[in-house]
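Novice: Dropping in my_file25.cif, with mmCIF, C-alpha atoms and all ligand atoms.
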data_run
loop_
_atom_site.label_atom_id
_atom_site.label_comp_id
_atom_site.auth_asym_id
_atom_site.auth_seq_id
_atom_site.Cartn_x
_atom_site.Cartn_y
_atom_site.Cartn_z
CA MET A 157 90.56 122.20 98.25
CA THR A 158 90.94 119.66 101.05
CA LEU A 159 87.71 118.78 102.86
CA LEU A 160 87.83 118.74 106.67
CA SER A 161 85.81 115.86 108.13
CA VAL A 162 85.60 116.09 111.91
CA ASN A 163 85.72 112.74 113.70
CA LEU A 164 83.24 112.79 116.60
CA ASN A 165 84.37 109.54 118.28
CA LYS A 166 85.97 111.38 121.19
CA ILE A 167 82.72 113.22 122.02
CA ALA A 168 81.11 109.80 122.41
CA VAL A 169 84.01 108.52 124.56
CA LEU A 170 83.50 111.41 126.98
CA ARG A 171 79.76 110.87 127.07
CA ASN A 172 80.11 107.11 127.53
CA SER A 173 82.40 107.60 130.53
CA ARG A 174 79.32 108.61 132.56
CA GLY A 175 76.37 107.36 130.50
CA GLY A 176 73.57 109.79 129.70
CA ASP A 177 73.57 112.27 126.84
CA GLU A 178 76.32 114.79 127.64
CA PRO A 179 78.32 115.92 125.81
CA SER A 180 75.80 115.68 123.01
CA ILE A 181 77.05 114.27 119.74
CA ALA A 182 74.26 116.09 117.90
CA THR A 183 75.22 119.47 119.40
CA ALA A 184 78.88 118.82 118.57
CA ALA A 185 77.92 117.88 115.01
CA ASN A 186 75.83 121.03 114.53
CA THR A 187 78.61 123.17 116.00
CA CYS A 188 81.18 121.73 113.58
CA ILE A 189 78.82 122.16 110.63
CA ASP A 190 78.01 125.75 111.59
CA ALA A 191 81.76 126.43 111.85
CA GLY A 192 82.16 125.30 108.24
CA CYS A 193 83.50 121.74 108.27
CA GLY A 194 82.88 119.78 105.08
CA GLY A 195 82.09 116.47 106.68
CA LEU A 196 81.66 114.42 109.81
CA THR A 197 83.37 111.09 110.50
CA VAL A 198 82.50 108.34 112.93
CA HIS A 199 84.24 105.06 113.61
CA PRO A 200 81.84 102.68 115.36
CA ARG A 201 83.57 99.63 116.79
CA PRO A 202 82.06 96.30 117.81
CA ASP A 203 82.73 96.94 121.52
CA MET A 204 80.80 100.23 121.20
CA ARG A 205 83.09 102.19 123.50
CA HIS A 206 83.17 105.02 120.93
CA VAL A 207 80.17 106.03 118.81
CA THR A 208 77.31 103.56 118.90
CA PRO A 209 74.94 102.44 116.16
CA ALA A 210 72.38 104.80 117.73
CA ASP A 211 74.85 107.70 117.25
CA VAL A 212 75.38 106.66 113.64
CA ARG A 213 71.61 106.87 113.08
CA THR A 214 71.24 110.17 114.96
CA LEU A 215 73.92 111.78 112.82
CA ALA A 216 72.42 110.44 109.62
CA GLY A 217 69.11 112.07 110.52
CA LEU A 218 70.81 115.32 111.44
CA LEU A 219 73.10 115.55 108.38
CA ARG A 220 70.69 114.90 105.54
CA GLY A 221 73.11 116.15 102.88
CA ARG A 222 74.29 119.25 104.80
CA VAL A 223 77.88 117.94 104.81
CA GLU A 224 79.52 114.65 103.87
CA TYR A 225 79.10 111.67 106.18
CA ASN A 226 82.06 109.29 106.45
CA ILE A 227 81.70 106.03 108.39
CA GLU A 228 84.87 104.09 109.16
CA GLY A 229 85.21 100.53 110.30
CA ASN A 230 86.17 96.95 109.68
CA PRO A 231 83.63 95.30 107.36
CA PHE A 232 84.79 91.91 108.62
CA ALA A 233 84.36 92.66 112.33
CA ALA A 234 82.20 90.22 114.18
CA ALA A 235 78.60 91.44 114.18
CA ARG A 236 77.66 90.46 117.68
CA GLY A 237 75.49 91.86 120.46
CA ALA A 238 74.02 95.24 119.57
CA TYR A 239 76.61 96.00 116.88
CA PRO A 240 74.94 95.31 113.55
CA GLY A 241 78.10 95.40 111.42
CA LEU A 242 79.44 97.99 109.01
CA ILE A 243 77.61 96.86 105.88
CA GLU A 244 74.27 96.73 107.71
CA LEU A 245 74.81 100.18 109.23
CA CYS A 246 75.74 101.68 105.86
CA ARG A 247 72.80 100.01 104.17
CA GLU A 248 70.56 101.66 106.74
CA VAL A 249 71.97 105.20 106.82
CA LYS A 250 73.63 105.50 103.41
CA PRO A 251 76.69 107.64 104.25
CA THR A 252 78.53 109.61 101.58
CA GLN A 253 81.63 107.51 102.11
CA VAL A 254 82.68 104.35 103.90
CA THR A 255 86.33 103.95 104.90
CA LEU A 256 87.41 100.34 105.36
CA VAL A 257 89.90 99.87 108.20
CA PRO A 258 91.40 96.50 109.26
CA ASP A 259 91.15 97.03 113.02
CA GLY A 260 90.87 94.14 115.44
CA ASP A 261 87.75 94.17 117.63
CA GLY A 262 89.47 95.36 120.80
CA GLN A 263 92.00 97.76 119.30
CA ILE A 264 92.38 101.05 121.21
CA THR A 265 92.70 102.90 117.92
CA SER A 266 93.67 102.21 114.32
CA ASP A 267 97.34 101.48 113.74
CA HIS A 268 97.68 100.08 110.19
CA GLY A 269 95.98 99.84 106.83
CA PHE A 270 94.95 97.03 104.49
CA ASP A 271 97.60 95.38 102.33
CA LEU A 272 95.99 95.70 98.90
CA THR A 273 98.37 93.16 97.38
CA LYS A 274 97.12 90.46 99.78
CA ASP A 275 93.62 91.58 100.80
CA ILE A 276 92.21 92.41 97.38
CA GLU A 277 90.18 89.21 96.85
CA THR A 278 88.71 89.43 100.36
CA LEU A 279 87.84 93.08 99.83
CA LYS A 280 86.26 92.54 96.41
CA PRO A 281 82.73 91.41 97.45
CA VAL A 282 82.65 93.87 100.33
CA VAL A 283 83.57 96.82 98.11
CA ALA A 284 80.89 95.70 95.65
CA ALA A 285 78.31 95.64 98.45
CA PHE A 286 79.15 99.18 99.55
CA ARG A 287 79.10 100.45 95.96
CA GLU A 288 75.66 98.88 95.51
CA ILE A 289 74.46 100.72 98.63
CA GLY A 290 75.72 103.92 96.99
CA CYS A 291 78.66 104.77 99.26
CA ARG A 292 81.94 106.09 97.94
CA VAL A 293 84.52 103.52 99.05
CA SER A 294 87.86 104.47 100.59
CA VAL A 295 90.40 101.98 101.96
CA PHE A 296 92.81 102.77 104.80
CA VAL A 297 96.42 102.03 103.77
CA ASP A 298 99.95 102.62 105.02
CA ALA A 299 102.59 104.75 103.32
CA GLY A 300 104.35 102.56 100.75
CA ALA A 301 101.16 100.65 99.87
CA GLN A 302 101.00 98.94 96.48
CA GLY A 303 98.18 97.43 94.42
CA PHE A 304 96.27 100.59 93.50
CA ALA A 305 95.33 99.51 89.98
CA ASP A 306 93.78 96.31 91.38
CA ALA A 307 91.94 98.35 94.02
CA LEU A 308 90.48 100.60 91.34
CA ALA A 309 89.45 97.54 89.33
CA ILE A 310 87.34 96.16 92.21
CA GLY A 311 85.56 99.50 92.73
CA VAL A 312 87.67 101.31 95.32
CA GLN A 313 87.52 105.07 94.70
CA ARG A 314 89.86 106.50 97.33
CA ILE A 315 92.59 105.54 99.72
CA GLU A 316 93.04 107.02 103.17
CA LEU A 317 96.67 107.33 104.18
CA TYR A 318 97.29 106.23 107.78
CA THR A 319 99.23 109.26 109.01
CA GLY A 320 100.15 108.02 112.49
CA PRO A 321 103.83 107.42 111.60
CA TYR A 322 104.07 110.89 110.02
CA ALA A 323 102.60 112.50 113.15
CA LYS A 324 105.07 110.64 115.35
CA ALA A 325 108.05 111.62 113.20
CA PHE A 326 106.86 115.25 113.16
CA HIS A 327 106.56 115.20 116.94
CA ASP A 328 110.04 113.68 117.22
CA GLY A 329 111.51 116.49 115.11
CA ASP A 330 112.18 115.17 111.57
CA ALA A 331 109.40 113.97 109.29
CA ARG A 332 111.23 114.38 105.97
CA ALA A 333 111.53 110.66 105.21
CA GLU A 334 107.88 109.98 106.11
CA LEU A 335 106.67 112.95 104.06
CA ALA A 336 108.58 111.68 101.02
CA ALA A 337 107.06 108.21 101.44
CA PHE A 338 103.52 109.60 101.83
CA ALA A 339 103.95 111.93 98.86
CA ASP A 340 105.17 109.04 96.68
CA THR A 341 102.27 106.81 97.79
CA ALA A 342 99.73 109.56 97.13
CA ARG A 343 101.18 110.27 93.69
CA ARG A 344 101.06 106.59 92.69
CA ALA A 345 97.47 106.26 93.92
CA GLN A 346 96.40 109.38 92.02
CA GLN A 347 98.17 108.16 88.87
CA ALA A 348 96.22 104.89 89.17
CA GLY A 349 92.96 106.88 89.33
CA LEU A 350 92.27 106.93 93.07
CA ALA A 351 91.66 110.07 95.11
CA VAL A 352 93.64 110.45 98.33
CA ASN A 353 92.35 111.09 101.86
CA ALA A 354 94.46 111.12 105.02
CA GLY A 355 93.98 110.79 108.73
CA HIS A 356 95.18 109.75 112.16
CA ASP A 357 96.89 111.95 114.71
CA LEU A 358 96.77 114.99 112.45
CA SER A 359 96.74 118.22 114.45
CA GLN A 360 97.02 121.98 114.07
CA ALA A 361 100.77 121.57 114.54
CA ASN A 362 101.42 118.97 111.84
CA LEU A 363 98.60 119.41 109.30
CA GLY A 364 99.97 122.32 107.28
CA THR A 365 103.28 120.59 106.55
CA PHE A 366 101.47 117.41 105.53
CA LYS A 367 99.03 119.19 103.24
CA SER A 368 101.86 121.10 101.53
CA ALA A 369 103.61 117.79 100.75
CA ILE A 370 100.56 116.08 99.23
CA PRO A 371 99.17 117.88 96.16
CA GLY A 372 95.51 117.13 95.51
CA LEU A 373 94.78 115.87 99.04
CA ALA A 374 91.01 115.35 98.89
CA GLU A 375 90.05 115.00 102.56
CA VAL A 376 91.44 114.85 106.06
CA SER A 377 89.49 113.28 108.93
CA ILE A 378 90.61 114.57 112.32
CA GLY A 379 89.27 113.78 115.76
CA HIS A 380 91.59 113.08 118.66
CA ALA A 381 93.71 116.24 118.48
CA LEU A 382 90.87 118.47 117.31
CA ILE A 383 88.54 117.54 120.18
CA GLY A 384 91.45 117.87 122.64
CA GLU A 385 92.38 121.33 121.31
CA ALA A 386 88.71 122.32 121.51
CA LEU A 387 88.90 121.97 125.30
CA TYR A 388 91.07 125.08 125.36
CA GLN A 389 90.00 126.90 122.21
CA GLY A 390 86.32 125.99 121.86
CA LEU A 391 84.93 123.66 119.20
CA SER A 392 83.81 126.30 116.67
CA SER A 393 87.04 128.22 116.91
CA THR A 394 89.12 125.02 116.61
CA VAL A 395 87.27 123.90 113.48
CA ARG A 396 87.82 127.33 111.95
CA SER A 397 91.55 127.12 112.79
CA TYR A 398 91.78 123.82 110.87
CA LEU A 399 89.89 125.34 107.95
CA ARG A 400 92.41 128.19 107.80
CA ILE A 401 95.28 125.67 107.69
CA LEU A 402 93.56 123.84 104.83
CA ALA A 403 92.63 126.98 102.85
C1 LIG A 501 90.93 105.12 110.83
C2 LIG A 501 91.44 106.06 111.81
O1 LIG A 501 92.61 106.39 111.85
C3 LIG A 501 90.52 106.68 112.78
O2 LIG A 501 89.26 106.15 112.77
C4 LIG A 501 91.03 106.56 114.11
O3 LIG A 501 91.13 105.21 114.44
C5 LIG A 501 90.18 107.32 115.08
O4 LIG A 501 89.32 106.48 115.71
P1 LIG A 501 89.29 106.50 117.29
O5 LIG A 501 88.80 107.88 117.68
O6 LIG A 501 88.31 105.44 117.60
O7 LIG A 501 90.65 106.23 117.79
N1 LIG A 502 90.50 108.59 109.79
C1 LIG A 502 91.16 109.27 110.84
C2 LIG A 502 90.17 109.87 111.76
O1 LIG A 502 88.99 109.81 111.53
C3 LIG A 502 90.60 110.59 112.96
O2 LIG A 502 91.77 110.10 113.52
P1 LIG A 502 92.30 110.87 114.82
O3 LIG A 502 92.45 112.34 114.46
O4 LIG A 502 91.28 110.70 115.90
O5 LIG A 502 93.62 110.23 115.14
#
So that I can check it, write out the structure of this file as structure tokens.

Specialist:
Amino acid sequence: MTLLSVNLNKIAVLRNSRGGDEPSIATAANTCIDAGCGGLTVHPRPDMRHVTPADVRTLAGLLRGRVEYNIEGNPFAAARGAYPGLIELCREVKPTQVTLVPDGDGQITSDHGFDLTKDIETLKPVVAAFREIGCRVSVFVDAGAQGFADALAIGVQRIELYTGPYAKAFHDGDARAELAAFADTARRAQQAGLAVNAGHDLSQANLGTFKSAIPGLAEVSIGHALIGEALYQGLSSTVRSYLRILA
């Protein structure tokens, strides 16, 4: 079974465009949970244009073990202003999983993963800190990534495949080469002892093909397309459509 974790960043973007509380991230979270999602994902960023530390805390209070809580972010991002930093946030709210993503501070969205062959020593103390907090640790990587045995050795438990290039190839009409590369990467990670998540630009159109190509896919986190589709289909109904694709 592949767990669907709904990324609520886009609810916060809409709310932040006016200030105030609408649309409510708590109502969106409850709607997704009631519709049957297995988890919620947030990706707070230092510039706080998406979910804020306050949202991260609100969701932690609301979830309380009902579904998994996945917090994404760059553990090395500058902790300035009101952004406390990823380790501090996770220490406070103790999510089920933290997903480490090497985004720059001002990036519009994520566009690449860590290079485990080069970043392993830098990641080592950070991974240890998250494991001590009690979070499952996943690391965002590109198709073709190497270094999985070393990642396992420092305490990494999962990888998340950055699926942006797959989504683009699917949209452009031929994703066969990307699917083969993702399937090979997933297989090597699983053989090394890591579980495999995936996310970025997955949608109702491209998810089924991706899932079929990746046996044992543990989790997908989906936000941008899902929240967009919910404008036409409704949030509950959209979550249930994704669950049918993953069944
Ligand atoms: C790691 C990843 O692919 C997602 O977090 C993605 O970046 C969505 O975040 P935004 O909604 O902030 O673009
Ligand atoms: N980890 C990927 C994620 O949380 C959602 O990405 P997207 O669906 O908003 O592109």

Novice: Tell me, as a ChimeraX atom specification, which residues lie within 10 Å of Glu244 of chain A, counting all atoms listed in the file; anything in the same chain fewer than 6 positions away does not count.

Specialist: /A:231,235,250,286,289

Novice: For atom CA of Gln346 of chain A and atom CA of Val295 of chain A, quote the distance in Å rounded to one decimal.

Specialist: 13.8 Å

Novice: Would you please work out which residue, of A:Leu164, A:Glu334, A:Thr252, A:Glu228, is nearest to Gly384 of chain A when using all atoms listed in the file?

Specialist: A:Leu164

Novice: Could you pull out the residues sitting within 9 Å of ligand LIG 501 (chain A), using all atoms listed in the file, and write them as a PyMOL selection string?

Specialist: chain A and resi 163-166+169+197-201+205-207+227-229+255-259+263-269+296+316-320+354-357+377-380

Novice: Using all atoms listed in the file, find the one residue out of A:Gln360, A:Ser294, A:Ser173, A:Ser392 that sits nearest to Ala374 of chain A.

Specialist: A:Ser294

Novice: Calculated over all atoms listed in the file, which of the candidates A:Asp211, A:Glu385, A:Glu375, A:Glu248 has the smallest distance to Arg314 of chain A?

Specialist: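 Smallest separation from Arg314 of chain A among the options: A:Glu375.
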
Novice: Ranking A:Gln347, A:Ser393, A:Asn226, A:Gln253 by minimum distance to ligand LIG 502 (chain A) and counting only C-alpha atoms and all ligand atoms, which one comes first?

Specialist: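 Distance minimum relative to ligand LIG 502 (chain A) lands on A:Asn226.
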
Novice: Of the candidates A:Gly390, A:Gly195, A:Pro371, A:Pro202, which shows the shortest atom-to-atom distance to ligand LIG 502 (chain A), using only C-alpha atoms and all ligand atoms?

Specialist: A:Gly195

Novice: Ranking A:Val212, A:Val249, A:Val254, A:Val312 by minimum distance to Leu272 of chain A and counting all atoms listed in the file, which one comes first?

Specialist: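 Among the listed residues, the smallest separation from Leu272 of chain A belongs to A:Val312.
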
Novice: Working from the structure I just supplied, which lacks atoms in segment 277-310 of chain A, can you model N, CA and C atoms there and output them as a short mmCIF file (atom, residue, chain, number, x, y, z; two decimals), in the frame of the given file?

Specialist:
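Writing done, so here's result.cif:
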data_model
loop_
_atom_site.label_atom_id
_atom_site.label_comp_id
_atom_site.auth_asym_id
_atom_site.auth_seq_id
_atom_site.Cartn_x
_atom_site.Cartn_y
_atom_site.Cartn_z
N GLU A 277 91.27 90.15 97.13
CA GLU A 277 90.18 89.21 96.85
C GLU A 277 89.16 89.21 97.98
N THR A 278 89.63 89.37 99.21
CA THR A 278 88.71 89.43 100.36
C THR A 278 87.89 90.71 100.31
N LEU A 279 88.54 91.79 99.86
CA LEU A 279 87.84 93.08 99.83
C LEU A 279 86.82 93.15 98.69
N LYS A 280 87.05 92.39 97.64
CA LYS A 280 86.26 92.54 96.41
C LYS A 280 84.73 92.50 96.64
N PRO A 281 84.19 91.44 97.28
CA PRO A 281 82.73 91.41 97.45
C PRO A 281 82.22 92.49 98.39
N VAL A 282 83.05 92.84 99.35
CA VAL A 282 82.65 93.87 100.33
C VAL A 282 82.57 95.24 99.65
N VAL A 283 83.57 95.54 98.84
CA VAL A 283 83.57 96.82 98.11
C VAL A 283 82.35 96.86 97.19
N ALA A 284 82.06 95.74 96.54
CA ALA A 284 80.89 95.70 95.65
C ALA A 284 79.61 95.97 96.42
N ALA A 285 79.52 95.42 97.64
CA ALA A 285 78.31 95.64 98.45
C ALA A 285 78.15 97.11 98.81
N PHE A 286 79.24 97.75 99.19
CA PHE A 286 79.15 99.18 99.55
C PHE A 286 78.82 100.03 98.32
N ARG A 287 79.40 99.68 97.17
CA ARG A 287 79.10 100.45 95.96
C ARG A 287 77.63 100.30 95.59
N GLU A 288 77.08 99.10 95.81
CA GLU A 288 75.66 98.88 95.51
C GLU A 288 74.77 99.73 96.43
N ILE A 289 75.20 99.88 97.68
CA ILE A 289 74.46 100.72 98.63
C ILE A 289 74.51 102.19 98.18
N GLY A 290 75.58 102.55 97.47
CA GLY A 290 75.72 103.92 96.99
C GLY A 290 76.76 104.73 97.73
N CYS A 291 77.60 104.05 98.54
CA CYS A 291 78.66 104.77 99.26
C CYS A 291 79.90 104.88 98.38
N ARG A 292 80.57 106.02 98.47
CA ARG A 292 81.94 106.09 97.94
C ARG A 292 82.81 105.23 98.85
N VAL A 293 83.73 104.47 98.24
CA VAL A 293 84.52 103.52 99.05
C VAL A 293 85.98 103.96 99.11
N SER A 294 86.45 104.14 100.33
CA SER A 294 87.86 104.47 100.59
C SER A 294 88.46 103.34 101.43
N VAL A 295 89.73 103.06 101.21
CA VAL A 295 90.40 101.98 101.96
C VAL A 295 91.62 102.57 102.67
N PHE A 296 91.72 102.29 103.95
CA PHE A 296 92.81 102.77 104.80
C PHE A 296 94.08 101.99 104.45
N VAL A 297 95.17 102.70 104.13
CA VAL A 297 96.42 102.03 103.77
C VAL A 297 97.61 102.75 104.42
N ASP A 298 98.72 102.04 104.49
CA ASP A 298 99.95 102.62 105.02
C ASP A 298 100.74 103.30 103.90
N ALA A 299 101.64 104.21 104.29
CA ALA A 299 102.59 104.75 103.32
C ALA A 299 103.38 103.58 102.73
N GLY A 300 103.63 103.64 101.42
CA GLY A 300 104.35 102.56 100.75
C GLY A 300 103.44 101.50 100.16
N ALA A 301 102.12 101.65 100.38
CA ALA A 301 101.16 100.65 99.87
C ALA A 301 101.30 100.48 98.35
N GLN A 302 100.99 99.27 97.90
CA GLN A 302 101.00 98.94 96.48
C GLN A 302 99.61 98.40 96.11
N GLY A 303 99.41 98.12 94.83
CA GLY A 303 98.18 97.43 94.42
C GLY A 303 97.03 98.37 94.09
N PHE A 304 97.35 99.62 93.72
CA PHE A 304 96.27 100.59 93.50
C PHE A 304 95.45 100.30 92.24
N ALA A 305 96.09 99.81 91.21
CA ALA A 305 95.33 99.51 89.98
C ALA A 305 94.31 98.41 90.26
N ASP A 306 94.71 97.40 91.03
CA ASP A 306 93.78 96.31 91.38
C ASP A 306 92.65 96.83 92.27
N ALA A 307 92.98 97.77 93.15
CA ALA A 307 91.94 98.35 94.02
C ALA A 307 90.91 99.09 93.17
N LEU A 308 91.41 99.88 92.23
CA LEU A 308 90.48 100.60 91.34
C LEU A 308 89.59 99.62 90.58
N ALA A 309 90.19 98.53 90.14
CA ALA A 309 89.45 97.54 89.33
C ALA A 309 88.32 96.88 90.12
N ILE A 310 88.43 96.77 91.43
CA ILE A 310 87.34 96.16 92.21
C ILE A 310 86.34 97.20 92.73
#
